[in-house]
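A.B. asks: If you scroll down you'll find the structure; I have some questions about it.
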Amino acid sequence: MYSLCFVAVVCGQLTKRPENVAVLVGSDVTLRCAGTRLSWEDYVTDPGGLRAISNEADVYFPNEYNLITEPTGTYDLTIKSIQLKQGGRYRCKALLEPSYIYVQVIIFSEFNPTCTSNTTKNNEAVEGEYIEYSCERIYKANVTAKMQWRDLKGSGEALKAKDESSKGTVKFSIVVEIKPSHNGDSFTCQTYFDKPQSRKHYADNIPINNNAFNETFTFPKLSVYCKY
């Protein structure tokens, strides 16, 4: 005589969505997630696909990552001393369930952009001259960085800027025809990202409170002289 045996399969559940983050090289960054029977994966190490970082309480690369788990369901992943090459897409996933969220880890190599202008050492300019301002930053992410330029004495609206960016570098420049009204004026640039398109399995926040890219670079004030 035979009896039937049933094996209960316990599926995971995601109860707290992780969010996109922006950090500087060398920082420790924590990706927050919560639920039951979770795992973390990255899509930056292997260009062809994902790499498993953890499986429930097991962390596969302890020199790179630390896992914070609590009975409340916390399943936070800390990336230790993050490097530029680690920027990109990560995923918190519930095991055996189609429940997961992709997040972006946006990494900048430096706090401030590298900025230049062709003014004199004392930031002097002559009416009618054309002054070029340029800023660039090195970063790694699966989203495209942009820069916004503003004239501090102007209307406050964004200035038309030339996009000279390349892969891994965001660079924008402006050319200003100097007028007497530019005396005491200054120009600023700020890195930003467009808000990601809302998609079911993707975080769509912009980490605007993180100064890794919310910092504004301001050029010194101009001293403008007339031609004659």
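Following the order of the structure tokens, first chain is A, next is B, and so on, with residues numbered from 1 inside each chain and ligands from 1 in the order they appear.
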Fewer than 2 positions away in the same chain doesn't count, so skip those; otherwise give me all residues within 7 Å of Lys80 of chain A, counting only C-alpha atoms, as a list in words.
C.D. replies: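 Once the adjacent positions are removed, what remains is Asp28, Val29, Glu64, Tyr65, Thr78 and Ile82 of chain A.
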A.B. asks: I need the chosen residues saved as an mmCIF file, in the first residue's frame, with N, CA, C and O atoms.
C.D. replies:
data_model
loop_
_atom_site.group_PDB
_atom_site.id
_atom_site.type_symbol
_atom_site.label_atom_id
_atom_site.label_comp_id
_atom_site.auth_asym_id
_atom_site.auth_seq_id
_atom_site.Cartn_x
_atom_site.Cartn_y
_atom_site.Cartn_z
ATOM 1 N N ASP A 28 31.282 53.439 1.047
ATOM 2 C CA ASP A 28 30.462 52.254 1.296
ATOM 3 C C ASP A 28 29.020 52.633 0.959
ATOM 4 O O ASP A 28 28.524 53.656 1.432
ATOM 5 N N VAL A 29 28.356 51.839 0.149
ATOM 6 C CA VAL A 29 26.988 52.156 -0.240
ATOM 7 C C VAL A 29 26.080 50.991 0.135
ATOM 8 O O VAL A 29 26.417 49.834 -0.090
ATOM 9 N N GLU A 64 33.910 41.931 -0.850
ATOM 10 C CA GLU A 64 33.295 43.036 -1.582
ATOM 11 C C GLU A 64 31.981 43.506 -0.965
ATOM 12 O O GLU A 64 31.622 44.678 -1.075
ATOM 13 N N TYR A 65 31.265 42.573 -0.315
ATOM 14 C CA TYR A 65 29.910 42.866 0.141
ATOM 15 C C TYR A 65 29.699 42.447 1.588
ATOM 16 O O TYR A 65 30.349 41.537 2.094
ATOM 17 N N THR A 78 25.485 45.936 1.526
ATOM 18 C CA THR A 78 26.483 47.002 1.537
ATOM 19 C C THR A 78 27.619 46.632 0.603
ATOM 20 O O THR A 78 28.204 45.558 0.718
ATOM 21 N N ILE A 82 33.326 51.117 -2.716
ATOM 22 C CA ILE A 82 32.903 50.877 -4.099
ATOM 23 C C ILE A 82 33.860 51.516 -5.101
ATOM 24 O O ILE A 82 34.404 52.594 -4.874
#
A.B. asks: Fewer than 4 positions away in the same chain doesn't count, so skip those; otherwise give me all residues within 12 Å of Cys226 of chain A, counting only C-alpha atoms, as a ChimeraX atom specification.
C.D. replies: /A:124-129,178-183
A.B. asks: Can you write just those residues out, all heavy atoms, as a PDB file, in the first residue's frame?
C.D. replies:
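So again-v3.pdb came out as:
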ATOM      1  N   GLU A 124      39.030  88.359 -15.625  1.00  0.00           N
ATOM      2  CA  GLU A 124      38.714  89.603 -16.298  1.00  0.00           C
ATOM      3  C   GLU A 124      38.318  89.324 -17.743  1.00  0.00           C
ATOM      4  O   GLU A 124      38.812  88.386 -18.374  1.00  0.00           O
ATOM      5  CB  GLU A 124      39.921  90.545 -16.268  1.00  0.00           C
ATOM      6  CG  GLU A 124      40.331  90.939 -14.855  1.00  0.00           C
ATOM      7  CD  GLU A 124      41.637  91.697 -14.837  1.00  0.00           C
ATOM      8  OE1 GLU A 124      42.443  91.519 -15.769  1.00  0.00           O
ATOM      9  OE2 GLU A 124      41.846  92.476 -13.886  1.00  0.00           O
ATOM     10  N   ALA A 125      37.410  90.123 -18.267  1.00  0.00           N
ATOM     11  CA  ALA A 125      36.967  89.981 -19.651  1.00  0.00           C
ATOM     12  C   ALA A 125      36.638  91.348 -20.208  1.00  0.00           C
ATOM     13  O   ALA A 125      36.323  92.288 -19.464  1.00  0.00           O
ATOM     14  CB  ALA A 125      35.747  89.071 -19.725  1.00  0.00           C
ATOM     15  N   VAL A 126      36.712  91.459 -21.528  1.00  0.00           N
ATOM     16  CA  VAL A 126      36.427  92.713 -22.220  1.00  0.00           C
ATOM     17  C   VAL A 126      35.106  92.578 -22.968  1.00  0.00           C
ATOM     18  O   VAL A 126      34.810  91.527 -23.544  1.00  0.00           O
ATOM     19  CB  VAL A 126      37.561  93.076 -23.201  1.00  0.00           C
ATOM     20  CG1 VAL A 126      37.215  94.342 -23.991  1.00  0.00           C
ATOM     21  CG2 VAL A 126      38.867  93.257 -22.450  1.00  0.00           C
ATOM     22  N   GLU A 127      34.318  93.617 -22.928  1.00  0.00           N
ATOM     23  CA  GLU A 127      33.036  93.631 -23.629  1.00  0.00           C
ATOM     24  C   GLU A 127      33.217  93.183 -25.086  1.00  0.00           C
ATOM     25  O   GLU A 127      34.135  93.622 -25.779  1.00  0.00           O
ATOM     26  CB  GLU A 127      32.463  95.047 -23.584  1.00  0.00           C
ATOM     27  CG  GLU A 127      31.171  95.222 -24.353  1.00  0.00           C
ATOM     28  CD  GLU A 127      30.752  96.663 -24.440  1.00  0.00           C
ATOM     29  OE1 GLU A 127      31.431  97.533 -23.833  1.00  0.00           O
ATOM     30  OE2 GLU A 127      29.748  96.942 -25.113  1.00  0.00           O
ATOM     31  N   GLY A 128      32.374  92.262 -25.537  1.00  0.00           N
ATOM     32  CA  GLY A 128      32.439  91.768 -26.916  1.00  0.00           C
ATOM     33  C   GLY A 128      33.227  90.484 -27.063  1.00  0.00           C
ATOM     34  O   GLY A 128      33.140  89.811 -28.103  1.00  0.00           O
ATOM     35  N   GLU A 129      34.012  90.131 -26.058  1.00  0.00           N
ATOM     36  CA  GLU A 129      34.743  88.862 -26.102  1.00  0.00           C
ATOM     37  C   GLU A 129      33.776  87.680 -25.947  1.00  0.00           C
ATOM     38  O   GLU A 129      32.676  87.822 -25.421  1.00  0.00           O
ATOM     39  CB  GLU A 129      35.777  88.793 -24.966  1.00  0.00           C
ATOM     40  CG  GLU A 129      37.029  89.604 -25.181  1.00  0.00           C
ATOM     41  CD  GLU A 129      38.037  89.375 -24.075  1.00  0.00           C
ATOM     42  OE1 GLU A 129      37.647  88.920 -22.976  1.00  0.00           O
ATOM     43  OE2 GLU A 129      39.211  89.646 -24.306  1.00  0.00           O
ATOM     44  N   ILE A 178      30.414  88.421 -23.943  1.00  0.00           N
ATOM     45  CA  ILE A 178      30.497  89.282 -22.771  1.00  0.00           C
ATOM     46  C   ILE A 178      29.866  90.654 -23.033  1.00  0.00           C
ATOM     47  O   ILE A 178      30.159  91.324 -24.025  1.00  0.00           O
ATOM     48  CB  ILE A 178      31.967  89.449 -22.325  1.00  0.00           C
ATOM     49  CG1 ILE A 178      32.566  88.073 -21.982  1.00  0.00           C
ATOM     50  CG2 ILE A 178      32.055  90.384 -21.130  1.00  0.00           C
ATOM     51  CD1 ILE A 178      31.841  87.334 -20.885  1.00  0.00           C
ATOM     52  N   LYS A 179      29.000  91.058 -22.083  1.00  0.00           N
ATOM     53  CA  LYS A 179      28.340  92.353 -22.127  1.00  0.00           C
ATOM     54  C   LYS A 179      28.613  93.078 -20.811  1.00  0.00           C
ATOM     55  O   LYS A 179      28.980  92.443 -19.814  1.00  0.00           O
ATOM     56  CB  LYS A 179      26.838  92.171 -22.333  1.00  0.00           C
ATOM     57  CG  LYS A 179      26.482  91.423 -23.603  1.00  0.00           C
ATOM     58  CD  LYS A 179      24.985  91.167 -23.680  1.00  0.00           C
ATOM     59  CE  LYS A 179      24.646  90.382 -24.941  1.00  0.00           C
ATOM     60  NZ  LYS A 179      23.192  90.084 -25.040  1.00  0.00           N
ATOM     61  N   PRO A 180      28.423  94.386 -20.763  1.00  0.00           N
ATOM     62  CA  PRO A 180      28.635  95.109 -19.499  1.00  0.00           C
ATOM     63  C   PRO A 180      27.814  94.541 -18.350  1.00  0.00           C
ATOM     64  O   PRO A 180      28.247  94.570 -17.190  1.00  0.00           O
ATOM     65  CB  PRO A 180      28.203  96.544 -19.844  1.00  0.00           C
ATOM     66  CG  PRO A 180      28.461  96.663 -21.310  1.00  0.00           C
ATOM     67  CD  PRO A 180      28.136  95.314 -21.883  1.00  0.00           C
ATOM     68  N   SER A 181      26.640  94.013 -18.657  1.00  0.00           N
ATOM     69  CA  SER A 181      25.774  93.451 -17.613  1.00  0.00           C
ATOM     70  C   SER A 181      26.365  92.205 -16.968  1.00  0.00           C
ATOM     71  O   SER A 181      25.904  91.768 -15.912  1.00  0.00           O
ATOM     72  CB  SER A 181      24.400  93.116 -18.188  1.00  0.00           C
ATOM     73  OG  SER A 181      24.513  92.167 -19.245  1.00  0.00           O
ATOM     74  N   HIS A 182      27.397  91.627 -17.587  1.00  0.00           N
ATOM     75  CA  HIS A 182      28.037  90.436 -17.014  1.00  0.00           C
ATOM     76  C   HIS A 182      29.049  90.792 -15.918  1.00  0.00           C
ATOM     77  O   HIS A 182      29.627  89.890 -15.299  1.00  0.00           O
ATOM     78  CB  HIS A 182      28.757  89.628 -18.099  1.00  0.00           C
ATOM     79  CG  HIS A 182      27.813  88.853 -18.986  1.00  0.00           C
ATOM     80  ND1 HIS A 182      27.836  88.943 -20.360  1.00  0.00           N
ATOM     81  CD2 HIS A 182      26.810  87.994 -18.670  1.00  0.00           C
ATOM     82  CE1 HIS A 182      26.904  88.162 -20.865  1.00  0.00           C
ATOM     83  NE2 HIS A 182      26.275  87.569 -19.870  1.00  0.00           N
ATOM     84  N   ASN A 183      29.274  92.073 -15.675  1.00  0.00           N
ATOM     85  CA  ASN A 183      30.200  92.446 -14.602  1.00  0.00           C
ATOM     86  C   ASN A 183      29.666  91.932 -13.260  1.00  0.00           C
ATOM     87  O   ASN A 183      28.513  92.176 -12.884  1.00  0.00           O
ATOM     88  CB  ASN A 183      30.370  93.964 -14.542  1.00  0.00           C
ATOM     89  CG  ASN A 183      31.442  94.382 -13.551  1.00  0.00           C
ATOM     90  OD1 ASN A 183      32.584  93.943 -13.650  1.00  0.00           O
ATOM     91  ND2 ASN A 183      31.079  95.210 -12.595  1.00  0.00           N
TER      92      ASN A 183
END
A.B. asks: For each of A:Ala57, A:Cys115, A:Ala94, A:Val25, take the minimum atom-to-atom distance to Ile79 of chain A, counting only C-alpha atoms, then give the residue where this is smallest.
C.D. replies: A:Val25
A.B. asks: Please determine, counting only C-alpha atoms, which residue among A:Cys92, A:Ile68, A:Leu24, A:Val170 has the shortest atom-to-atom distance to Glu136 of chain A.
C.D. replies: A:Val170
A.B. asks: Could you work out how far atom CA of Glu97 of chain A lies from atom CA of Ala203 of chain A, giving the answer in Å with one decimal?
C.D. replies: 18.2 Å
A.B. asks: Between A:Phe193, A:Ser117, A:Thr218, A:Glu164, which has the minimum distance to Arg150 of chain A (counting only C-alpha atoms)?
C.D. replies: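 For Arg150 of chain A, the nearest of the candidates is A:Thr218.
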A.B. asks: Taking only residues of segment 76-136 of chain A that have an atom at most 10 Å from an atom of segment 53-56 of chain A, what is each one's shortest atom pair and its distance in Å to one decimal, using only C-alpha atoms, in chain and number order, as CSV?
C.D. replies:
residue,atom,partner,partner_atom,distance
A:Leu77,CA,A:Ser54,CA,9.0
A:Tyr90,CA,A:Ile53,CA,9.7
A:Arg91,CA,A:Ile53,CA,9.7
A:Cys92,CA,A:Ser54,CA,9.7
A:Lys93,CA,A:Asn55,CA,9.6
A:Ala94,CA,A:Glu56,CA,9.3
A:Leu95,CA,A:Asn55,CA,8.4
A.B. asks: Create the file for the chosen residues now, containing all heavy atoms and written as an mmCIF file, in the first residue's frame.
C.D. replies:
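Final output, part.cif:
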data_model
loop_
_atom_site.group_PDB
_atom_site.id
_atom_site.type_symbol
_atom_site.label_atom_id
_atom_site.label_comp_id
_atom_site.auth_asym_id
_atom_site.auth_seq_id
_atom_site.Cartn_x
_atom_site.Cartn_y
_atom_site.Cartn_z
ATOM 1 N N LEU A 77 22.106 45.202 1.373
ATOM 2 C CA LEU A 77 23.412 44.846 0.835
ATOM 3 C C LEU A 77 24.323 46.060 0.868
ATOM 4 O O LEU A 77 23.996 47.115 0.319
ATOM 5 C CB LEU A 77 23.278 44.360 -0.605
ATOM 6 C CG LEU A 77 24.588 43.955 -1.288
ATOM 7 C CD1 LEU A 77 25.072 42.613 -0.751
ATOM 8 C CD2 LEU A 77 24.418 43.896 -2.808
ATOM 9 N N TYR A 90 21.711 46.576 -10.273
ATOM 10 C CA TYR A 90 21.656 45.505 -9.275
ATOM 11 C C TYR A 90 20.189 45.086 -9.113
ATOM 12 O O TYR A 90 19.270 45.824 -9.478
ATOM 13 C CB TYR A 90 22.226 45.981 -7.935
ATOM 14 C CG TYR A 90 23.722 46.199 -7.967
ATOM 15 C CD1 TYR A 90 24.274 47.303 -8.630
ATOM 16 C CD2 TYR A 90 24.591 45.320 -7.337
ATOM 17 C CE1 TYR A 90 25.644 47.506 -8.672
ATOM 18 C CE2 TYR A 90 25.972 45.517 -7.367
ATOM 19 C CZ TYR A 90 26.483 46.608 -8.036
ATOM 20 O OH TYR A 90 27.844 46.808 -8.080
ATOM 21 N N ARG A 91 19.995 43.895 -8.525
ATOM 22 C CA ARG A 91 18.626 43.409 -8.364
ATOM 23 C C ARG A 91 18.446 42.687 -7.040
ATOM 24 O O ARG A 91 19.249 41.846 -6.660
ATOM 25 C CB ARG A 91 18.264 42.457 -9.508
ATOM 26 C CG ARG A 91 16.835 41.933 -9.430
ATOM 27 C CD ARG A 91 16.432 41.197 -10.683
ATOM 28 N NE ARG A 91 16.966 39.851 -10.744
ATOM 29 C CZ ARG A 91 16.517 38.909 -11.583
ATOM 30 N NH1 ARG A 91 15.542 39.202 -12.448
ATOM 31 N NH2 ARG A 91 17.066 37.709 -11.594
ATOM 32 N N CYS A 92 17.376 43.063 -6.335
ATOM 33 C CA CYS A 92 16.939 42.321 -5.149
ATOM 34 C C CYS A 92 15.760 41.464 -5.592
ATOM 35 O O CYS A 92 14.782 41.973 -6.147
ATOM 36 C CB CYS A 92 16.514 43.277 -4.041
ATOM 37 S SG CYS A 92 16.024 42.442 -2.504
ATOM 38 N N LYS A 93 15.850 40.157 -5.318
ATOM 39 C CA LYS A 93 14.871 39.219 -5.868
ATOM 40 C C LYS A 93 14.381 38.243 -4.801
ATOM 41 O O LYS A 93 15.148 37.770 -3.971
ATOM 42 C CB LYS A 93 15.496 38.431 -7.019
ATOM 43 C CG LYS A 93 14.553 37.445 -7.703
ATOM 44 C CD LYS A 93 15.266 36.687 -8.803
ATOM 45 C CE LYS A 93 14.313 35.763 -9.541
ATOM 46 N NZ LYS A 93 13.687 34.764 -8.659
ATOM 47 N N ALA A 94 13.088 37.954 -4.844
ATOM 48 C CA ALA A 94 12.512 36.916 -3.988
ATOM 49 C C ALA A 94 12.699 35.566 -4.662
ATOM 50 O O ALA A 94 12.397 35.399 -5.850
ATOM 51 C CB ALA A 94 11.030 37.194 -3.755
ATOM 52 N N LEU A 95 13.224 34.596 -3.924
ATOM 53 C CA LEU A 95 13.502 33.287 -4.487
ATOM 54 C C LEU A 95 12.212 32.566 -4.888
ATOM 55 O O LEU A 95 11.202 32.607 -4.174
ATOM 56 C CB LEU A 95 14.269 32.432 -3.478
ATOM 57 C CG LEU A 95 15.640 32.989 -3.058
ATOM 58 C CD1 LEU A 95 16.237 32.135 -1.951
ATOM 59 C CD2 LEU A 95 16.581 33.049 -4.243
#
A.B. asks: Residues of segment 35-77 of chain A in strand (DSSP E or B) according to DSSP, as a short mmCIF file (atom, residue, chain, number, x, y, z; two decimals) with N, CA, C and O atoms, in the first residue's frame?
C.D. replies:
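Contents of part29.cif, freshly written:
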data_model
loop_
_atom_site.label_atom_id
_atom_site.label_comp_id
_atom_site.auth_asym_id
_atom_site.auth_seq_id
_atom_site.Cartn_x
_atom_site.Cartn_y
_atom_site.Cartn_z
N GLY A 35 12.16 41.56 2.99
CA GLY A 35 11.23 40.51 2.59
C GLY A 35 11.66 39.17 3.16
O GLY A 35 12.39 39.09 4.15
N THR A 36 11.22 38.11 2.52
CA THR A 36 11.59 36.75 2.94
C THR A 36 12.20 36.00 1.76
O THR A 36 11.79 36.19 0.62
N LEU A 38 15.25 36.12 0.13
CA LEU A 38 15.71 37.05 -0.90
C LEU A 38 17.12 36.74 -1.37
O LEU A 38 17.88 36.02 -0.71
N SER A 39 17.48 37.31 -2.50
CA SER A 39 18.84 37.23 -3.02
C SER A 39 19.19 38.55 -3.68
O SER A 39 18.31 39.33 -4.08
N TRP A 40 20.50 38.83 -3.79
CA TRP A 40 21.00 39.99 -4.52
C TRP A 40 21.82 39.52 -5.71
O TRP A 40 22.55 38.53 -5.62
N GLU A 41 21.73 40.26 -6.81
CA GLU A 41 22.49 39.96 -8.03
C GLU A 41 23.00 41.26 -8.62
O GLU A 41 22.42 42.32 -8.39
N ASP A 42 24.10 41.18 -9.38
CA ASP A 42 24.55 42.37 -10.10
C ASP A 42 24.64 42.06 -11.59
O ASP A 42 24.80 40.92 -12.00
N TYR A 43 24.53 43.13 -12.37
CA TYR A 43 24.61 43.03 -13.83
C TYR A 43 25.76 43.89 -14.35
O TYR A 43 25.69 44.43 -15.45
N VAL A 44 26.79 44.02 -13.57
CA VAL A 44 27.92 44.86 -13.95
C VAL A 44 29.22 44.08 -14.08
O VAL A 44 30.12 44.47 -14.80
N THR A 45 29.35 42.97 -13.36
CA THR A 45 30.59 42.20 -13.38
C THR A 45 30.74 41.41 -14.67
O THR A 45 31.80 41.36 -15.28
N ASP A 46 29.63 40.78 -15.08
CA ASP A 46 29.63 39.96 -16.29
C ASP A 46 28.83 40.67 -17.36
O ASP A 46 27.61 40.81 -17.25
N GLY A 49 25.58 38.97 -18.53
CA GLY A 49 24.42 38.65 -17.69
C GLY A 49 24.67 38.93 -16.24
O GLY A 49 25.53 39.71 -15.87
N LEU A 50 23.93 38.26 -15.39
CA LEU A 50 23.97 38.53 -13.95
C LEU A 50 25.04 37.72 -13.22
O LEU A 50 25.54 36.72 -13.73
N ARG A 51 25.37 38.19 -12.02
CA ARG A 51 26.21 37.44 -11.11
C ARG A 51 25.51 37.41 -9.76
O ARG A 51 25.10 38.45 -9.25
N ALA A 52 25.34 36.22 -9.21
CA ALA A 52 24.70 36.09 -7.90
C ALA A 52 25.66 36.60 -6.82
O ALA A 52 26.82 36.20 -6.77
N SER A 54 24.34 36.99 -3.38
CA SER A 54 23.92 36.35 -2.14
C SER A 54 22.74 35.42 -2.41
O SER A 54 22.06 35.52 -3.43
N ASN A 55 22.54 34.53 -1.46
CA ASN A 55 21.39 33.63 -1.48
C ASN A 55 20.92 33.48 -0.05
O ASN A 55 21.54 32.76 0.74
N ASP A 58 23.64 33.71 2.80
CA ASP A 58 24.98 33.46 2.26
C ASP A 58 25.43 34.60 1.35
O ASP A 58 24.71 34.98 0.42
N VAL A 59 26.63 35.13 1.62
CA VAL A 59 27.24 36.14 0.75
C VAL A 59 28.42 35.47 0.05
O VAL A 59 29.32 34.94 0.70
N TYR A 65 31.26 42.57 -0.32
CA TYR A 65 29.91 42.87 0.14
C TYR A 65 29.70 42.45 1.59
O TYR A 65 30.35 41.54 2.09
N ASN A 66 28.75 43.12 2.21
CA ASN A 66 28.29 42.75 3.53
C ASN A 66 26.76 42.72 3.51
O ASN A 66 26.13 43.58 2.90
N LEU A 67 26.18 41.73 4.15
CA LEU A 67 24.74 41.57 4.15
C LEU A 67 24.19 41.84 5.55
O LEU A 67 24.68 41.29 6.54
N ILE A 68 23.19 42.72 5.63
CA ILE A 68 22.57 43.03 6.91
C ILE A 68 21.16 42.44 6.91
O ILE A 68 20.28 42.88 6.17
N THR A 69 20.98 41.42 7.73
CA THR A 69 19.67 40.76 7.81
C THR A 69 19.16 40.83 9.24
O THR A 69 19.93 40.76 10.19
N THR A 74 14.69 42.67 7.08
CA THR A 74 15.74 43.48 6.46
C THR A 74 16.71 42.60 5.68
O THR A 74 17.15 41.56 6.17
N TYR A 75 17.04 43.05 4.47
CA TYR A 75 17.99 42.30 3.64
C TYR A 75 18.82 43.30 2.85
O TYR A 75 18.79 43.36 1.63
N ASP A 76 19.55 44.15 3.59
CA ASP A 76 20.32 45.24 2.99
C ASP A 76 21.70 44.77 2.56
O ASP A 76 22.39 44.06 3.30
N LEU A 77 22.11 45.20 1.37
CA LEU A 77 23.41 44.85 0.84
C LEU A 77 24.32 46.06 0.87
O LEU A 77 24.00 47.11 0.32
#
A.B. asks: Which residue out of A:Thr119, A:Thr15, A:Gln104, A:Ser173 has the minimum interatomic distance to Ser223 of chain A when only C-alpha atoms are used?
C.D. replies: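 Looking only at the distances to Ser223 of chain A, the closest residue turns out to be A:Thr119.
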A.B. asks: For Ser198 of chain A, please output as an mmCIF file with C-alpha atoms, in the first residue's frame all residues within 12 Å (counting only C-alpha atoms; exclusion window: fewer than 5 positions along the same chain).
C.D. replies:
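New file result_32.cif:
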data_model
loop_
_atom_site.group_PDB
_atom_site.id
_atom_site.type_symbol
_atom_site.label_atom_id
_atom_site.label_comp_id
_atom_site.auth_asym_id
_atom_site.auth_seq_id
_atom_site.Cartn_x
_atom_site.Cartn_y
_atom_site.Cartn_z
ATOM 1 C CA ILE A 101 13.363 45.227 -8.306
ATOM 2 C CA TYR A 102 16.280 46.556 -10.361
ATOM 3 C CA ALA A 203 13.206 51.734 -9.101
ATOM 4 C CA ASP A 204 12.352 55.150 -10.551
ATOM 5 C CA ASN A 205 13.571 57.551 -7.871
ATOM 6 C CA ILE A 206 16.327 60.097 -8.459
#
A.B. asks: What is the atom CA of Arg37 of chain A-atom CA of Tyr60 of chain A distance in Å, reported with one decimal?
C.D. replies: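 Separation of atom CA of Arg37 of chain A and atom CA of Tyr60 of chain A: 15.8 Å.
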A.B. asks: Quote the spacing between atom CA of Pro62 of chain A and atom CA of Arg89 of chain A in Å to one decimal place.
C.D. replies: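 For atom CA of Pro62 of chain A relative to atom CA of Arg89 of chain A, the distance reads 19.4 Å.
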A.B. asks: Write out as a list in words all residues of segment 10-226 of chain A that backbone DSSP assigns to alpha helix (DSSP H).
C.D. replies: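 Answer for segment 10-226 of chain A, restricted to alpha helix (DSSP H): Asn211, Ala212, Phe213 and Asn214 of chain A.
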A.B. asks: Can you write just those residues out, C-alpha atoms, as a PDB file, in the first residue's frame?
C.D. replies:
ATOM      1  CA  ASN A 211      25.539  65.320  -2.954  1.00  0.00           C
ATOM      2  CA  ALA A 212      27.529  62.922  -5.104  1.00  0.00           C
ATOM      3  CA  PHE A 213      25.872  64.623  -8.049  1.00  0.00           C
ATOM      4  CA  ASN A 214      23.649  67.288  -6.517  1.00  0.00           C
TER       5      ASN A 214
END
A.B. asks: Kindly indicate which residue among A:Thr216, A:Gly87, A:Lys146, A:Val103 lies nearest to Glu19 of chain A, using only C-alpha atoms for the distances.
C.D. replies: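 For Glu19 of chain A, the nearest of the candidates is A:Val103.
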A.B. asks: With distances taken over only C-alpha atoms, which of A:Arg17, A:Lys167, A:Lys121, A:Lys200 is nearest to Ala145 of chain A?
C.D. replies: A:Lys167
